[in-house]
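Participant: Handing over coords-v4.tsv, TSV, C-alpha atoms.
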```tsv
chain	number	residue	atom	x	y	z
A	1	ASP	CA	99.71	87.16	107.53
A	2	GLY	CA	99.13	83.73	106.04
A	3	GLY	CA	101.78	82.42	103.75
A	4	ILE	CA	104.68	80.14	103.04
A	5	THR	CA	108.05	80.90	104.58
A	6	GLN	CA	111.26	79.50	103.16
A	7	SER	CA	114.70	79.77	104.64
A	8	PRO	CA	117.44	80.49	104.02
A	9	LYS	CA	116.92	82.76	101.05
A	10	TYR	CA	120.52	82.32	99.89
A	11	LEU	CA	122.69	79.32	100.60
A	12	PHE	CA	126.15	78.35	99.46
A	13	ARG	CA	127.18	74.73	99.59
A	14	LYS	CA	130.50	73.05	99.12
A	15	GLU	CA	130.59	70.01	96.92
A	16	GLY	CA	129.95	66.86	98.92
A	17	GLN	CA	127.82	68.57	101.57
A	18	ASN	CA	124.18	67.99	102.31
A	19	VAL	CA	122.01	71.04	102.91
A	20	THR	CA	118.44	71.38	104.14
A	21	LEU	CA	115.99	74.02	102.96
A	22	SER	CA	113.20	74.89	105.34
A	23	CYS	CA	109.56	75.42	104.33
A	24	GLU	CA	106.75	76.35	106.73
A	25	GLN	CA	103.17	77.28	105.83
A	26	ASN	CA	100.32	78.62	107.94
A	27	LEU	CA	97.66	78.39	105.24
A	28	ASN	CA	96.34	75.10	106.64
A	29	HIS	CA	96.97	73.47	103.26
A	30	ASP	CA	97.25	69.71	103.07
A	31	ALA	CA	99.31	69.48	99.91
A	32	MET	CA	102.89	70.72	99.77
A	33	TYR	CA	105.44	70.64	96.98
A	34	TRP	CA	109.05	71.33	96.14
A	35	TYR	CA	109.97	72.64	92.71
A	36	ARG	CA	113.23	73.53	91.12
A	37	GLN	CA	113.58	76.37	88.60
A	38	ASP	CA	116.54	76.72	86.24
A	39	PRO	CA	117.02	79.60	83.80
A	40	GLY	CA	114.89	79.26	80.69
A	41	GLN	CA	113.09	76.20	81.99
A	42	GLY	CA	109.70	75.64	83.51
A	43	LEU	CA	109.35	74.55	87.10
A	44	ARG	CA	110.17	70.90	87.71
A	45	LEU	CA	108.64	68.88	90.52
A	46	ILE	CA	111.01	67.30	93.03
A	47	TYR	CA	108.67	65.91	95.70
A	48	TYR	CA	105.15	66.43	96.92
A	49	SER	CA	103.16	65.45	99.99
A	50	GLN	CA	99.47	65.01	100.60
A	51	ILE	CA	99.47	64.43	104.36
A	52	VAL	CA	101.77	64.05	107.32
A	53	ASN	CA	104.26	61.20	107.00
A	54	ASP	CA	103.42	60.67	103.34
A	55	PHE	CA	105.30	62.01	100.33
A	56	GLN	CA	105.83	61.06	96.70
A	57	LYS	CA	108.66	61.49	94.24
A	58	GLY	CA	108.23	63.96	91.46
A	59	ASP	CA	109.97	64.10	88.11
A	60	ILE	CA	113.48	64.87	89.41
A	61	ALA	CA	113.69	63.34	92.90
A	62	GLU	CA	117.16	61.82	92.55
A	63	GLY	CA	119.62	63.41	94.96
A	64	TYR	CA	116.89	64.94	97.14
A	65	SER	CA	115.01	63.84	100.24
A	66	VAL	CA	112.07	65.25	102.19
A	67	SER	CA	110.11	64.70	105.38
A	68	ARG	CA	106.62	65.69	106.50
A	69	GLU	CA	106.45	65.30	110.28
A	70	LYS	CA	104.04	68.20	110.71
A	71	LYS	CA	101.31	69.52	108.44
A	72	GLU	CA	102.94	72.93	108.41
A	73	SER	CA	106.46	71.84	107.56
A	74	PHE	CA	108.04	70.22	104.51
A	75	PRO	CA	111.86	70.53	104.54
A	76	LEU	CA	113.96	69.54	101.54
A	77	THR	CA	117.45	68.09	101.84
A	78	VAL	CA	119.75	68.43	98.85
A	79	THR	CA	122.23	65.60	99.18
A	80	SER	CA	125.72	65.23	97.78
A	81	ALA	CA	124.24	62.78	95.27
A	82	GLN	CA	122.56	65.65	93.43
A	83	LYS	CA	125.04	66.38	90.66
A	84	ASN	CA	123.88	69.83	89.63
A	85	PRO	CA	122.16	71.41	92.63
A	86	THR	CA	122.70	75.09	91.80
A	87	ALA	CA	119.18	76.40	91.21
A	88	PHE	CA	116.23	78.35	92.60
A	89	TYR	CA	114.11	76.14	94.88
A	90	LEU	CA	110.45	76.88	95.43
A	91	CYS	CA	108.24	75.42	98.11
A	92	ALA	CA	104.53	75.55	97.40
A	93	SER	CA	101.20	74.45	98.79
A	94	SER	CA	97.59	74.00	97.75
A	95	ILE	CA	94.31	73.20	99.41
A	96	GLY	CA	92.95	69.66	99.49
A	97	ARG	CA	94.47	66.86	97.47
A	98	PRO	CA	97.67	67.51	95.50
A	99	PHE	CA	97.15	69.05	92.09
A	100	SER	CA	93.43	68.37	91.40
A	101	GLY	CA	93.04	71.62	89.53
A	102	ASN	CA	93.64	73.71	92.66
A	103	THR	CA	95.49	77.00	92.86
A	104	ILE	CA	99.11	76.64	93.92
A	105	TYR	CA	100.86	79.20	96.12
A	106	PHE	CA	104.60	79.67	96.40
A	107	GLY	CA	107.08	80.65	99.06
A	108	GLU	CA	109.70	83.29	98.34
A	109	GLY	CA	112.21	80.69	97.23
A	110	SER	CA	115.73	79.69	98.17
A	111	TRP	CA	118.77	80.24	95.98
A	112	LEU	CA	121.29	77.44	96.32
A	113	THR	CA	124.77	77.80	94.86
A	114	VAL	CA	127.46	75.15	94.92
A	115	VAL	CA	130.91	76.61	95.39
B	1	ARG	CA	105.86	69.39	71.69
B	2	LYS	CA	105.88	70.96	75.15
B	3	GLU	CA	102.71	70.50	77.17
B	4	VAL	CA	102.46	74.24	77.74
B	5	GLU	CA	104.14	76.56	75.28
B	6	GLN	CA	104.74	80.29	75.50
B	7	ASP	CA	106.63	82.77	73.38
B	8	PRO	CA	109.59	83.74	75.60
B	9	GLY	CA	109.68	87.32	74.30
B	10	PRO	CA	110.81	89.80	75.40
B	11	PHE	CA	107.85	91.93	74.44
B	12	ASN	CA	108.99	95.54	74.62
B	13	VAL	CA	106.01	97.92	74.72
B	14	PRO	CA	105.61	101.63	75.54
B	15	GLU	CA	103.79	102.72	78.64
B	16	GLY	CA	100.05	102.86	78.02
B	17	ALA	CA	100.06	100.20	75.32
B	18	THR	CA	97.84	97.16	75.21
B	19	VAL	CA	99.68	93.85	75.01
B	20	ALA	CA	98.46	90.29	74.65
B	21	PHE	CA	100.13	86.95	75.34
B	22	ASN	CA	99.00	83.54	74.25
B	23	CYS	CA	99.82	80.19	75.72
B	24	THR	CA	99.05	76.91	73.95
B	25	TYR	CA	98.66	73.61	75.72
B	26	SER	CA	98.60	70.04	74.56
B	27	ASN	CA	97.33	68.28	77.67
B	28	SER	CA	93.59	68.47	77.30
B	29	ALA	CA	93.18	66.87	80.71
B	30	SER	CA	94.08	70.09	82.53
B	31	GLN	CA	91.18	71.14	84.70
B	32	SER	CA	92.15	74.69	85.46
B	33	PHE	CA	94.43	77.36	84.12
B	34	PHE	CA	96.16	80.29	85.75
B	35	TRP	CA	98.40	83.20	84.96
B	36	TYR	CA	101.25	83.93	87.35
B	37	ARG	CA	103.56	86.89	87.43
B	38	GLN	CA	107.22	86.35	88.27
B	39	ASP	CA	109.61	89.21	88.92
B	40	CYS	CA	113.33	88.75	88.45
B	41	ARG	CA	114.75	86.37	91.08
B	42	LYS	CA	111.42	86.18	92.91
B	43	GLU	CA	108.71	83.57	93.31
B	44	PRO	CA	105.70	83.26	90.97
B	45	LYS	CA	102.66	85.08	92.28
B	46	LEU	CA	99.10	84.35	91.23
B	47	LEU	CA	97.81	86.99	88.85
B	48	MET	CA	94.47	85.44	87.97
B	49	SER	CA	92.60	82.25	87.26
B	50	VAL	CA	91.34	81.68	83.72
B	51	TYR	CA	87.75	80.73	82.98
B	52	SER	CA	86.16	79.62	79.74
B	53	SER	CA	83.75	82.52	79.92
B	54	GLY	CA	86.64	84.96	80.20
B	55	ASN	CA	87.40	87.02	83.26
B	56	GLU	CA	88.66	90.47	83.97
B	57	ASP	CA	90.52	92.00	86.89
B	58	GLY	CA	91.15	95.69	86.42
B	59	ARG	CA	93.46	96.13	83.45
B	60	PHE	CA	93.91	92.38	83.01
B	61	THR	CA	91.68	90.06	80.99
B	62	ALA	CA	92.16	86.31	80.70
B	63	GLN	CA	90.50	83.93	78.30
B	64	LEU	CA	90.46	80.16	77.83
B	65	ASN	CA	89.67	78.50	74.52
B	66	ARG	CA	89.39	74.76	75.11
B	67	ALA	CA	88.53	73.94	71.51
B	68	SER	CA	91.75	75.50	70.22
B	69	GLN	CA	93.69	74.71	73.40
B	70	TYR	CA	95.06	78.11	74.23
B	71	ILE	CA	94.77	80.67	76.97
B	72	SER	CA	95.39	84.37	76.63
B	73	LEU	CA	96.24	87.33	78.82
B	74	LEU	CA	95.50	90.90	77.80
B	75	ILE	CA	97.01	93.85	79.64
B	76	ARG	CA	95.54	97.27	78.93
B	77	ASP	CA	97.20	100.61	79.69
B	78	SER	CA	100.56	99.01	80.50
B	79	LYS	CA	102.47	100.40	83.47
B	80	LEU	CA	106.20	100.32	84.09
B	81	SER	CA	105.41	98.11	87.08
B	82	ASP	CA	103.91	95.46	84.77
B	83	SER	CA	107.43	94.57	83.61
B	84	ALA	CA	107.88	90.94	84.62
B	85	THR	CA	107.71	87.39	83.30
B	86	TYR	CA	104.23	85.94	82.93
B	87	LEU	CA	103.80	82.19	83.39
B	88	CYS	CA	100.81	80.24	82.23
B	89	VAL	CA	100.03	77.20	84.33
B	90	GLY	CA	97.74	74.25	83.70
B	91	ALA	CA	96.48	72.41	86.77
B	92	GLY	CA	95.48	68.83	86.10
B	93	THR	CA	94.41	65.98	88.32
B	94	TYR	CA	97.92	64.66	88.74
B	95	LYS	CA	100.25	67.53	87.99
B	96	TYR	CA	100.81	71.19	87.37
B	97	ILE	CA	102.22	72.11	83.99
B	98	PHE	CA	104.25	75.30	83.88
B	99	GLY	CA	105.13	77.33	80.84
B	100	THR	CA	108.62	78.81	80.69
B	101	GLY	CA	107.18	82.31	80.73
B	102	THR	CA	106.84	85.36	78.52
B	103	ARG	CA	108.97	88.33	79.44
B	104	LEU	CA	107.36	91.77	79.26
B	105	LYS	CA	109.26	95.06	79.37
B	106	VAL	CA	107.21	98.23	79.58
B	107	LEU	CA	109.27	101.21	78.46
B	108	ALA	CA	108.89	104.83	79.56
```
Is it possible to give me this structure as structure tokens?

Facilitator:
Amino acid sequence: DGGITQSPKYLFRKEGQNVTLSCEQNLNHDAMYWYRQDPGQGLRLIYYSQIVNDFQKGDIAEGYSVSREKKESFPLTVTSAQKNPTAFYLCASSIGRPFSGNTIYFGEGSWLTVV
Amino acid sequence: RKEVEQDPGPFNVPEGATVAFNCTYSNSASQSFFWYRQDCRKEPKLLMSVYSSGNEDGRFTAQLNRASQYISLLIRDSKLSDSATYLCVGAGTYKYIFGTGTRLKVLA
């Protein structure tokens, strides 16, 4: 089945550690995104990418990094510089150029907790 | 004012009831609108796109009013399985704008 696969689903991180969240899609979408969701808030954009080896900061990029070495893959690293990383992280993709009025599809999400 | 605003609810309705949600938006540059359903601790899933002419998918009807800048979702004959949070989403040229969601509880 076509879709977006995120792993791990649950992750616990000690303060000061970097962690990487995996995102793979087989929808052949060009645009990929990372969002963060906190309780009672709308989704906030961390990073997005239009093509391989190109990505742009979103509204809350500080403390995060990404790479896009393959069209299918867009991993997110949460670094120790991110002061409040406990959240639900959603990887997403859409056809064509980023945004542009297109439908966005989400992976199952990753829950990150700092312990 | 938030760019997309929804009543957080919860809306508690009996099984079989008809329920309607509205979502107002302030960014008139949004090209497209969507309703997503999000279950507790799960990802948002596309419920339906919203067209100016109105569109229906089974028990669900969506409407877009550009003049008044709101979109609506109507659910007829509510089922227990409709209990979820419903997000309205505006898709513009340079961003997606997400509402914080309206929580629906359908009661037996």

Participant: Please report the interatomic distance between CA of Phe34 (chain B) and CA of Lys57 (chain A) in Å with one decimal.

Facilitator: 24.1 Å

Participant: Around the point (93.8, 77.3, 74.9) (coordinates from the file), which residues reach within 12 Å if we count all atoms listed in the file? Answer as a ChimeraX atom specification.

Facilitator: /B:3-6,21-34,50-52,54,62-73,88-90

Participant: Write out as a ChimeraX atom specification every residue belonging to chain A that has an atom at most 8 Å from any atom of chain B, counting all atoms listed in the file.

Facilitator: /A:40-43,90,98-103,105-109

Participant: I'd like the interatomic distance between CA of Gly96 (chain A) and CA of Ser65 (chain A), to a tenth of an Å.

Facilitator: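 So the answer is 22.8 Å.
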
Participant: For Pro10 (chain B), please output as a ChimeraX atom specification all residues within 12 Å (counting only C-alpha atoms; exclusion window: fewer than 4 positions along the same chain).

Facilitator: /B:6,19,21,83-86,101-107

Participant: Output C-alpha atoms for every residue in the selection just made, as a PDB file, in the frame of the given file.

Facilitator:
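Okay, again.pdb is ready:
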```
ATOM      1  CA  GLN B   6     104.740  80.290  75.500  1.00  0.00           C
ATOM      2  CA  VAL B  19      99.680  93.850  75.010  1.00  0.00           C
ATOM      3  CA  PHE B  21     100.130  86.950  75.340  1.00  0.00           C
ATOM      4  CA  SER B  83     107.430  94.570  83.610  1.00  0.00           C
ATOM      5  CA  ALA B  84     107.880  90.940  84.620  1.00  0.00           C
ATOM      6  CA  THR B  85     107.710  87.390  83.300  1.00  0.00           C
ATOM      7  CA  TYR B  86     104.230  85.940  82.930  1.00  0.00           C
ATOM      8  CA  GLY B 101     107.180  82.310  80.730  1.00  0.00           C
ATOM      9  CA  THR B 102     106.840  85.360  78.520  1.00  0.00           C
ATOM     10  CA  ARG B 103     108.970  88.330  79.440  1.00  0.00           C
ATOM     11  CA  LEU B 104     107.360  91.770  79.260  1.00  0.00           C
ATOM     12  CA  LYS B 105     109.260  95.060  79.370  1.00  0.00           C
ATOM     13  CA  VAL B 106     107.210  98.230  79.580  1.00  0.00           C
ATOM     14  CA  LEU B 107     109.270 101.210  78.460  1.00  0.00           C
TER      15      LEU B 107
END
```

Participant: Please determine, counting all atoms listed in the file, which residue among A:Val78, A:Cys91, A:Leu27, A:Ile104 has the shortest atom-to-atom distance to Glu62 (chain A).

Facilitator: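 Using all atoms listed in the file, Glu62 (chain A) sits closest to A:Val78.
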
Participant: Using all atoms listed in the file, which residues sit within 8 Å of Trp111 (chain A) once same-chain residues fewer than 5 positions away are excluded, as number ranges by chain?

Facilitator: A: 9-11, 86-89

Participant: Go through A:Gly2, A:Pro75, A:Pro8, A:Pro85 and flag the residue nearest Gly63 (chain A), using only C-alpha atoms for the distances.

Facilitator: A:Pro85

Participant: Between CA of Phe11 (chain B) and CA of Gln37 (chain A), what is the distance in Å, rounded to a tenth?

Facilitator: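 Separating CA of Phe11 (chain B) from CA of Gln37 (chain A) is a distance of 21.8 Å.
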
Participant: With all atoms listed in the file as the counted atoms, please give the residues lying no more than 9 Å from Thr20 (chain A), apart from itself and same-chain residues fewer than 2 positions off, as a PyMOL selection string.

Facilitator: chain A and resi 18+22+75-79
